Amino acid sequence: MQLGVLAAVCVLVIGMYVFVAHSGYAVSSSLNPRDAYYNSLVQGFRAGQLSVKKTVPPALAQLPDPYDRAANAPYDVLDLSYYKGKLYLYFGVTPALFLFWPYVALTGHYLPQEDAVLIFCVFGFLASAGLLYVLWRRYFAEINVGVVAAGTLALGSATFTPFLLARCDVYEVSISCGYAFTMLAVAAVWKALHEPERRGNWLAAASLAYGLAVGARPSLLFGAVILLVPVVQAWRERRKIWVPLVAATGPIAIIGLGLMFYNVLRFGSPLEFGIRYQLAGDTQLARQFFSLRNLWFNFRVYFLEPAIWSSRFPFVHDITAPPLPAGHGGAEHPFGVLTNIPLVWLALAVPLAWRGRPTEERSSLCGFLAAVALLFWTGAQTLGLYYYAAGRYEVEFLPALVLLATIGILGLERALTLTSGSGMACRPVWRGAVRWGWGLLLGFSVAFNLLASVERCAEAHCDLGNALLMAGKTSEAIAQYAQALRLKPDCTDAHRSLAVAWAQDGKFEKAIESFEQVLRFTPDDAKTHRNLGLVLQEDGRLPEAIEQYERALQLKPDYPEAHCNLADVLTRLGRVPEAVEHYEWALRIKPDSVEVHNALALALVRLGRMQEAIGHWEQALRLQPDYAVAHSNLGVALAQLGRVSEAVKHWEQALRLEPNMAEVHFNWGVAMERAGRATEAMEHYEAALRLKPDYLEARKRLAQLRSVQVGQRIVQ
């Protein structure tokens, strides 16, 4: 019955994992699992290369600085490492070798990344739950199974694994893999401590598992010190230590040498995993990844900063991050564990676990607890020095801390049992108070994890909607945005993306409603006011569009796009002088915008300021010589001034750049018609109609010229 209770808790946790892991999709992945980064790496391995099976865009290779995010953004290579013309995956190789490659070899199909994260998290959880079970059976047999069931729930639901599973991407694959192999290594260390006759075998297994964890997450390296705990115990027991020492260091050393050789083959350096060459949000080449100046900031966001709570579901929102230290890259959804997962405070009760035990029994238990504490401390310390903070990183130290907290609960319960045995007074009161206390801490911690994961699930649905929208699957995208909003009604990103989807689907009223919903949450968002203006403009509601553009400019006066959009509407309403002022404002802010030069030139033509208009078109072509629209419009202006030969040169250039511009042929035809060259005019009108059969003005002019020719023949 006890096993049945614990098995039921494990099934409950794993079921929750399955539900959360399949809630959405992460932005740097693909709708096709084959294109996911780890599967691209497997394809590269199977093709006999260490780089991913992904073609390097030729334009990326030609960039002066391919690591400049503004320059490489169009090529969809975020979070890959670019080195000597090839793309590599800087995330750990272990998941590819031990899961993705075997899976495709056995099934012929590519494993989705969310399934990989799910598998690793399940293994990590089961390993930690198994540890708690053997701890209970060996050291705390007097404790009720309900307490162990509560601890099992904590190990599955209070360790940020739900948060990790809610948005499974390449980052979470490597982190969850490190978590799984770390827990397996800790389980093997337990066996090495408690089975001296097989200590070497279990230490070798622990060393192998931890080496694979480092292969997934090199940041876990310093936690390998736990492998020496059984060696120290053997020394204290006056046993020979060379066998356990070789077993503890051999497998991980071999794996380490393999990783260094792998790095040499890829990047020419044994200690370079590719992170310096990653195509990220900013250049990493000269970055200092670890620094003492990051320690206080990271300690605050990982341990102290509370979440922001609200009355709207899911109630939990990101912390207010303190100011970044110099060189720090930023904070992405971290939460302070001491304030948001208060269960971990019970790790302070761990000394109660060994109180009053015989020396030999205490030695093995203390050795194991020391190993778990070292794993927590090294993980937290490494992340504390790192230049970036993220909630997903906390899975590298939080499971060990929660394991210590559950052992602290067992220690408290044991202490109460010992007190009861001594006949101490007030036992029921103390027992009830303690159980209510740790029960409330556990309930709050689990609830926080689940609520925080809901917000991440909403983000995942929004990301999936964005991917579907880019793939042209608008109705499916709208369904994903709706699901995101059911989970998080105030998710502004989902409202904003839903508005875009409705607009693309031609449902302007719904798009307007969605943008207005965004403005209820963020009324001072200039970009949303501008986007709402665009939809109103498209729907023909020009005065309302003007109001939104003007509001955007009140909030952000140096917003060139809003100036241009407002100018476009003013031009349509015949308020051309006002439009010119806004185009000129936009050019003062963004003087190298060829589109603004073109729009301003068109407005100046309407005011009769032809020479100024020509100057702007010429400036646009100096900035961008292959701007076909400017060549076409400049040709029209020159033709109107009688400079037909110059106009023809620009029209020829426009057609070389964009052969399908029917307007160029039409304008050329008009110029030829005015010059009395009817045959050439008809040829250009016909060319315009071939490109654009519904070009009514071209058809009308062509018909007039043909009727004139027929009349001339009749007269003759």
# chains A, B, ... in the order shown; residues from 1 in each chain; ligands from 1

call {"tool": "closest_atom_pairs", "arguments": {"of": "stretch 69-173 of chain A", "to": "stretch 252-270 of chain A", "cutoff": "12 Å", "atoms": "only C-alpha atoms", "output": "tab-separated table"}}
result
residue	atom	partner	partner_atom	distance
A:Ser81	CA	A:Phe267	CA	9.9
A:Tyr82	CA	A:Phe267	CA	9.8
A:Tyr83	CA	A:Phe267	CA	7.1
A:Lys84	CA	A:Phe267	CA	8.7
A:Gly85	CA	A:Arg266	CA	11.5
A:Lys86	CA	A:Arg266	CA	9.4
A:Leu87	CA	A:Arg266	CA	9.9
A:Tyr88	CA	A:Arg266	CA	7.9
A:Leu89	CA	A:Arg266	CA	10.1
A:Tyr90	CA	A:Asn263	CA	9.7
A:Phe91	CA	A:Asn263	CA	11.9
A:Gly92	CA	A:Leu259	CA	9.4
A:Val93	CA	A:Leu259	CA	8.7
A:Thr94	CA	A:Leu259	CA	10.0

call {"tool": "write_last_selection", "arguments": {"atoms": "C-alpha atoms", "output": "PDB file, in the first residue's frame"}}
result
ATOM      1  CA  SER A  81      27.583  29.350 -33.208  1.00  0.00           C
ATOM      2  CA  TYR A  82      29.145  30.607 -36.429  1.00  0.00           C
ATOM      3  CA  TYR A  83      32.798  29.770 -36.958  1.00  0.00           C
ATOM      4  CA  LYS A  84      34.827  29.683 -40.180  1.00  0.00           C
ATOM      5  CA  GLY A  85      31.803  29.458 -42.428  1.00  0.00           C
ATOM      6  CA  LYS A  86      29.945  26.743 -40.503  1.00  0.00           C
ATOM      7  CA  LEU A  87      27.126  26.664 -37.968  1.00  0.00           C
ATOM      8  CA  TYR A  88      27.538  24.707 -34.729  1.00  0.00           C
ATOM      9  CA  LEU A  89      25.417  23.983 -31.689  1.00  0.00           C
ATOM     10  CA  TYR A  90      27.110  25.297 -28.571  1.00  0.00           C
ATOM     11  CA  PHE A  91      24.596  23.568 -26.304  1.00  0.00           C
ATOM     12  CA  GLY A  92      25.860  20.308 -24.790  1.00  0.00           C
ATOM     13  CA  VAL A  93      26.246  17.280 -27.040  1.00  0.00           C
ATOM     14  CA  THR A  94      24.939  14.656 -24.584  1.00  0.00           C
TER      15      THR A  94
END

call {"tool": "residues_around", "arguments": {"residues": "stretch 665-677 of chain A", "least_positions_apart": "2", "cutoff": "7 Å", "atoms": "only C-alpha atoms", "output": "compact mmCIF listing (two decimals) with N, CA and C atoms, in the first residue's frame"}}
result
# COMPACT_ATOMS: atom_id res chain seq x y z
N VAL A 636 9.00 59.69 -64.02
CA VAL A 636 7.75 60.41 -64.28
C VAL A 636 7.96 61.92 -64.13
N ALA A 639 9.97 63.29 -67.01
CA ALA A 639 9.17 63.32 -68.24
C ALA A 639 8.23 64.51 -68.24
N ALA A 662 4.31 47.10 -63.78
CA ALA A 662 3.41 47.52 -64.85
C ALA A 662 3.31 49.05 -64.92
N GLU A 663 3.42 49.73 -63.77
CA GLU A 663 3.30 51.19 -63.75
C GLU A 663 4.40 51.86 -64.57
N THR A 679 3.10 54.38 -81.70
CA THR A 679 3.41 52.95 -81.78
C THR A 679 4.14 52.47 -80.53
N GLU A 680 5.16 53.25 -80.12
CA GLU A 680 5.90 52.88 -78.91
C GLU A 680 4.99 52.96 -77.68
N ALA A 681 4.10 53.97 -77.66
CA ALA A 681 3.19 54.09 -76.53
C ALA A 681 2.30 52.85 -76.42
N MET A 682 1.79 52.40 -77.57
CA MET A 682 0.93 51.21 -77.55
C MET A 682 1.69 49.97 -77.08
N HIS A 684 4.08 49.86 -74.92
CA HIS A 684 4.23 49.90 -73.46
C HIS A 684 2.89 49.67 -72.75
N TYR A 685 1.80 50.19 -73.32
CA TYR A 685 0.50 49.90 -72.72
C TYR A 685 0.21 48.40 -72.76
N ALA A 687 2.43 46.02 -72.81
CA ALA A 687 3.31 45.38 -71.82
C ALA A 687 2.74 45.53 -70.41
N ALA A 688 2.18 46.71 -70.12
CA ALA A 688 1.58 46.94 -68.81
C ALA A 688 0.39 46.00 -68.59
N ALA A 698 -4.52 51.78 -68.43
CA ALA A 698 -3.71 51.36 -69.58
C ALA A 698 -4.60 50.83 -70.70

call {"tool": "select_by_dssp", "arguments": {"residues": "stretch 310-543 of chain A", "states": "alpha helix (DSSP H)", "output": "NGL selection string"}}
result
:A and (337-340 or 359-385 or 398-421 or 427-470 or 474-487 or 492-504 or 508-521 or 526-538 or 542-543)

call {"tool": "write_last_selection", "arguments": {"atoms": "C-alpha atoms", "output": "short mmCIF file (atom, residue, chain, number, x, y, z; two decimals), in the first residue's frame"}}
result
data_model
loop_
_atom_site.label_atom_id
_atom_site.label_comp_id
_atom_site.auth_asym_id
_atom_site.auth_seq_id
_atom_site.Cartn_x
_atom_site.Cartn_y
_atom_site.Cartn_z
CA VAL A 337 13.61 30.76 -4.20
CA LEU A 338 13.74 31.85 -0.57
CA THR A 339 10.74 34.14 -1.02
CA ASN A 340 8.73 32.22 -3.62
CA THR A 359 28.46 6.80 14.52
CA GLU A 360 28.60 4.42 11.55
CA GLU A 361 25.05 5.21 10.49
CA ARG A 362 25.62 8.94 10.91
CA SER A 363 28.79 8.79 8.80
CA SER A 364 27.09 7.41 5.70
CA LEU A 365 24.07 9.70 6.04
CA CYS A 366 26.19 12.79 6.61
CA GLY A 367 28.36 11.87 3.65
CA PHE A 368 25.33 11.72 1.38
CA LEU A 369 23.89 14.96 2.72
CA ALA A 370 27.26 16.61 2.21
CA ALA A 371 27.27 15.46 -1.41
CA VAL A 372 23.79 16.93 -2.02
CA ALA A 373 24.75 20.17 -0.29
CA LEU A 374 27.93 20.44 -2.39
CA LEU A 375 25.88 19.88 -5.54
CA PHE A 376 23.55 22.72 -4.55
CA TRP A 377 26.34 25.08 -3.51
CA THR A 378 28.53 24.59 -6.60
CA GLY A 379 25.57 25.00 -8.94
CA ALA A 380 24.36 28.17 -7.24
CA GLN A 381 27.87 29.60 -7.02
CA THR A 382 28.61 29.01 -10.71
CA LEU A 383 25.36 30.64 -11.78
CA GLY A 384 25.97 33.46 -9.34
CA LEU A 385 29.11 34.44 -11.23
CA LEU A 398 17.04 23.92 -6.98
CA PRO A 399 16.38 20.12 -7.14
CA ALA A 400 19.31 19.50 -4.79
CA LEU A 401 18.06 22.21 -2.41
CA VAL A 402 14.50 20.81 -2.44
CA LEU A 403 15.90 17.32 -1.79
CA LEU A 404 17.66 18.74 1.27
CA ALA A 405 14.40 20.42 2.32
CA THR A 406 12.45 17.14 2.09
CA ILE A 407 15.16 15.46 4.18
CA GLY A 408 14.72 18.35 6.60
CA ILE A 409 11.01 17.47 6.82
CA LEU A 410 11.90 13.86 7.56
CA GLY A 411 14.33 15.12 10.22
CA LEU A 412 11.60 17.23 11.83
CA GLU A 413 9.17 14.32 11.83
CA ARG A 414 11.82 12.04 13.31
CA ALA A 415 12.60 14.60 16.01
CA LEU A 416 8.90 14.71 16.92
CA THR A 417 8.81 10.94 17.04
CA LEU A 418 11.86 10.84 19.33
CA THR A 419 10.25 13.50 21.54
CA SER A 420 7.09 11.41 21.70
CA GLY A 421 9.09 8.39 22.76
CA ARG A 427 3.65 16.50 21.95
CA PRO A 428 0.32 16.73 19.99
CA VAL A 429 0.47 20.52 19.89
CA TRP A 430 4.03 20.57 18.59
CA ARG A 431 3.38 17.80 16.09
CA GLY A 432 0.33 19.57 14.70
CA ALA A 433 2.05 22.95 14.52
CA VAL A 434 5.09 21.53 12.73
CA ARG A 435 3.02 19.58 10.22
CA TRP A 436 0.80 22.54 9.49
CA GLY A 437 3.91 24.66 9.08
CA TRP A 438 5.77 22.53 6.58
CA GLY A 439 2.48 21.61 4.89
CA LEU A 440 1.70 25.27 4.23
CA LEU A 441 5.23 25.89 2.97
CA LEU A 442 4.93 22.91 0.64
CA GLY A 443 1.48 23.95 -0.62
CA PHE A 444 2.60 27.49 -1.32
CA SER A 445 5.77 26.32 -3.08
CA VAL A 446 3.94 23.85 -5.32
CA ALA A 447 1.20 26.38 -6.10
CA PHE A 448 3.80 28.98 -7.02
CA ASN A 449 5.57 26.58 -9.38
CA LEU A 450 2.33 25.66 -11.11
CA LEU A 451 1.09 29.25 -11.41
CA ALA A 452 4.46 30.44 -12.72
CA SER A 453 4.34 27.65 -15.30
CA VAL A 454 0.87 28.79 -16.42
CA GLU A 455 2.32 32.13 -17.46
CA ARG A 456 5.04 30.31 -19.38
CA CYS A 457 2.43 28.08 -21.02
CA ALA A 458 0.63 31.20 -22.20
CA GLU A 459 3.88 32.47 -23.71
CA ALA A 460 4.37 29.10 -25.41
CA HIS A 461 0.90 29.20 -26.99
CA CYS A 462 1.63 32.74 -28.15
CA ASP A 463 4.93 31.62 -29.69
CA LEU A 464 3.21 28.74 -31.45
CA GLY A 465 0.61 31.16 -32.77
CA ASN A 466 3.38 33.40 -34.13
CA ALA A 467 4.98 30.44 -35.92
CA LEU A 468 1.65 29.40 -37.41
CA LEU A 469 0.95 32.96 -38.50
CA MET A 470 4.31 33.16 -40.26
CA THR A 474 -4.01 32.22 -39.68
CA SER A 475 -7.01 30.36 -38.25
CA GLU A 476 -4.76 27.95 -36.32
CA ALA A 477 -2.69 30.89 -35.05
CA ILE A 478 -5.84 32.63 -33.80
CA ALA A 479 -6.79 29.49 -31.87
CA GLN A 480 -3.37 29.46 -30.15
CA TYR A 481 -3.64 33.12 -29.20
CA ALA A 482 -7.10 32.46 -27.77
CA GLN A 483 -5.70 29.61 -25.67
CA ALA A 484 -2.91 31.87 -24.42
CA LEU A 485 -5.48 34.44 -23.35
CA ARG A 486 -7.57 31.81 -21.56
CA LEU A 487 -4.49 30.99 -19.48
CA THR A 492 -0.41 41.76 -23.96
CA ASP A 493 1.77 39.87 -26.44
CA ALA A 494 -1.09 37.48 -27.19
CA HIS A 495 -3.60 40.34 -27.58
CA ARG A 496 -1.15 42.17 -29.85
CA SER A 497 -0.43 39.11 -32.00
CA LEU A 498 -4.12 38.25 -32.16
CA ALA A 499 -4.82 41.75 -33.47
CA VAL A 500 -2.24 41.24 -36.22
CA ALA A 501 -3.80 37.88 -37.10
CA TRP A 502 -7.31 39.38 -37.30
CA ALA A 503 -5.98 42.19 -39.50
CA GLN A 504 -4.29 39.73 -41.85
CA PHE A 508 -10.57 44.74 -38.91
CA GLU A 509 -13.21 45.20 -36.21
CA LYS A 510 -11.81 42.30 -34.21
CA ALA A 511 -8.27 43.55 -34.78
CA ILE A 512 -9.29 46.95 -33.45
CA GLU A 513 -10.86 45.32 -30.37
CA SER A 514 -7.66 43.38 -29.66
CA PHE A 515 -5.46 46.46 -29.98
CA GLU A 516 -7.81 48.38 -27.70
CA GLN A 517 -7.49 45.55 -25.19
CA VAL A 518 -3.70 45.94 -25.29
CA LEU A 519 -4.11 49.66 -24.62
CA ARG A 520 -6.21 48.92 -21.53
CA PHE A 521 -3.17 47.19 -20.05
CA ALA A 526 3.23 54.29 -28.61
CA LYS A 527 3.75 51.29 -30.89
CA THR A 528 0.30 49.90 -30.14
CA HIS A 529 -1.33 53.28 -30.82
CA ARG A 530 0.49 53.37 -34.14
CA ASN A 531 -0.56 49.79 -35.02
CA LEU A 532 -4.16 50.55 -34.12
CA GLY A 533 -3.93 53.56 -36.41
CA LEU A 534 -2.77 51.33 -39.26
CA VAL A 535 -5.78 49.04 -38.87
CA LEU A 536 -8.18 51.99 -38.66
CA GLN A 537 -6.56 53.44 -41.77
CA GLU A 538 -6.96 50.13 -43.58
CA LEU A 542 -9.12 57.96 -41.34
CA PRO A 543 -10.02 60.55 -38.65
#

call {"tool": "closest_residue", "arguments": {"among": "A:Met16, A:Leu63, A:Cys177, A:Ile546", "to": "A:Pro162", "atoms": "only C-alpha atoms"}}
result
A:Met16

call {"tool": "residues_around", "arguments": {"residues": "A:His333", "least_positions_apart": "4", "cutoff": "9 Å", "atoms": "only C-alpha atoms", "output": "ChimeraX atom specification"}}
result
/A:317-319,389-392

call {"tool": "closest_residue", "arguments": {"among": "A:Val664, A:Cys491, A:Arg287, A:Glu561", "to": "A:Pro314", "atoms": "only C-alpha atoms"}}
result
A:Cys491

call {"tool": "select_by_dssp", "arguments": {"residues": "stretch 373-460 of chain A", "states": "strand (DSSP E or B)", "output": "VMD selection string"}}
result
chain A and resid 386 388 to 390

call {"tool": "write_last_selection", "arguments": {"atoms": "N, CA and C atoms", "output": "CSV table (one decimal), in the first residue's frame"}}
result
chain,number,residue,atom,x,y,z
A,386,TYR,N,27.8,34.0,-13.2
A,386,TYR,CA,27.5,34.1,-14.7
A,386,TYR,C,27.0,35.4,-15.1
A,388,TYR,N,24.5,36.2,-17.0
A,388,TYR,CA,23.1,36.3,-17.4
A,388,TYR,C,22.3,35.5,-16.3
A,389,ALA,N,21.1,35.9,-16.0
A,389,ALA,CA,20.2,35.2,-15.1
A,389,ALA,C,18.9,34.8,-15.8
A,390,ALA,N,18.5,33.5,-15.5
A,390,ALA,CA,17.2,33.1,-16.1
A,390,ALA,C,16.6,32.0,-15.2

call {"tool": "closest_residue", "arguments": {"among": "A:Val134, A:Leu271, A:Val13, A:Val56", "to": "A:Ala158", "atoms": "only C-alpha atoms"}}
result
A:Val13

call {"tool": "closest_residue", "arguments": {"among": "A:Lys556, A:Gln704, A:Pro358, A:Val5", "to": "A:Asn144", "atoms": "only C-alpha atoms"}}
result
A:Val5

call {"tool": "residues_around", "arguments": {"residues": "A:Glu195", "least_positions_apart": "6", "cutoff": "12 Å", "atoms": "only C-alpha atoms", "output": "list in words"}}
result
Ala188, Val189, Asn201, Trp202, Leu203, Pro230, Gln233, Ala234 and Ser364 of chain A

call {"tool": "residues_around", "arguments": {"residues": "A:Pro33", "least_positions_apart": "6", "cutoff": "8 Å", "atoms": "only C-alpha atoms", "output": "PyMOL selection string"}}
result
chain A and resi 39+110-113

call {"tool": "closest_residue", "arguments": {"among": "A:Leu621, A:Thr182, A:Arg609, A:Glu584", "to": "A:Ser207", "atoms": "only C-alpha atoms"}}
result
A:Thr182

call {"tool": "decode", "arguments": {"residues": "stretch 65-85 of chain A", "atoms": "N, CA and C atoms", "output": "CSV table (one decimal), in the first residue's frame"}}
result
chain,number,residue,atom,x,y,z
A,65,ASP,N,30.5,42.0,-40.0
A,65,ASP,CA,30.4,41.4,-38.7
A,65,ASP,C,29.2,40.5,-38.6
A,66,PRO,N,29.4,39.2,-38.9
A,66,PRO,CA,28.2,38.3,-38.8
A,66,PRO,C,27.6,38.1,-37.4
A,67,TYR,N,28.3,38.6,-36.4
A,67,TYR,CA,27.8,38.4,-35.0
A,67,TYR,C,27.0,39.6,-34.6
A,68,ASP,N,26.8,40.6,-35.5
A,68,ASP,CA,26.0,41.8,-35.2
A,68,ASP,C,24.5,41.4,-35.4
A,69,ARG,N,23.7,41.4,-34.3
A,69,ARG,CA,22.4,40.9,-34.4
A,69,ARG,C,21.5,41.7,-35.3
A,70,ALA,N,21.7,43.0,-35.4
A,70,ALA,CA,20.9,43.8,-36.4
A,70,ALA,C,21.2,43.3,-37.8
A,71,ALA,N,22.4,42.9,-38.1
A,71,ALA,CA,22.8,42.5,-39.4
A,71,ALA,C,22.3,41.0,-39.7
A,72,ASN,N,22.5,40.1,-38.7
A,72,ASN,CA,22.2,38.7,-39.0
A,72,ASN,C,20.8,38.3,-38.7
A,73,ALA,N,20.0,39.2,-38.2
A,73,ALA,CA,18.6,38.9,-37.8
A,73,ALA,C,17.8,38.3,-39.0
A,74,PRO,N,17.9,38.8,-40.2
A,74,PRO,CA,17.1,38.2,-41.3
A,74,PRO,C,17.3,36.7,-41.6
A,75,TYR,N,18.4,36.2,-41.1
A,75,TYR,CA,18.8,34.8,-41.6
A,75,TYR,C,18.4,33.7,-40.6
A,76,ASP,N,17.7,34.0,-39.6
A,76,ASP,CA,17.1,33.0,-38.7
A,76,ASP,C,18.1,32.0,-38.2
A,77,VAL,N,19.2,32.5,-37.6
A,77,VAL,CA,20.3,31.6,-37.1
A,77,VAL,C,20.6,32.0,-35.6
A,78,LEU,N,19.6,32.5,-34.9
A,78,LEU,CA,19.7,32.8,-33.5
A,78,LEU,C,20.1,31.6,-32.7
A,79,ASP,N,21.1,31.8,-31.8
A,79,ASP,CA,21.6,30.8,-30.8
A,79,ASP,C,22.3,29.6,-31.5
A,80,LEU,N,22.8,29.8,-32.6
A,80,LEU,CA,23.8,28.9,-33.2
A,80,LEU,C,25.2,29.6,-33.2
A,81,SER,N,26.2,28.8,-33.2
A,81,SER,CA,27.6,29.4,-33.2
A,81,SER,C,28.1,29.3,-34.6
A,82,TYR,N,28.6,30.5,-35.1
A,82,TYR,CA,29.1,30.6,-36.4
A,82,TYR,C,30.7,30.7,-36.4
A,83,TYR,N,31.3,29.8,-37.0
A,83,TYR,CA,32.8,29.8,-37.0
A,83,TYR,C,33.3,29.2,-38.3
A,84,LYS,N,34.2,30.0,-38.9
A,84,LYS,CA,34.8,29.7,-40.2
A,84,LYS,C,33.9,29.1,-41.2
A,85,GLY,N,32.7,29.8,-41.4
A,85,GLY,CA,31.8,29.5,-42.4
A,85,GLY,C,30.9,28.3,-42.1
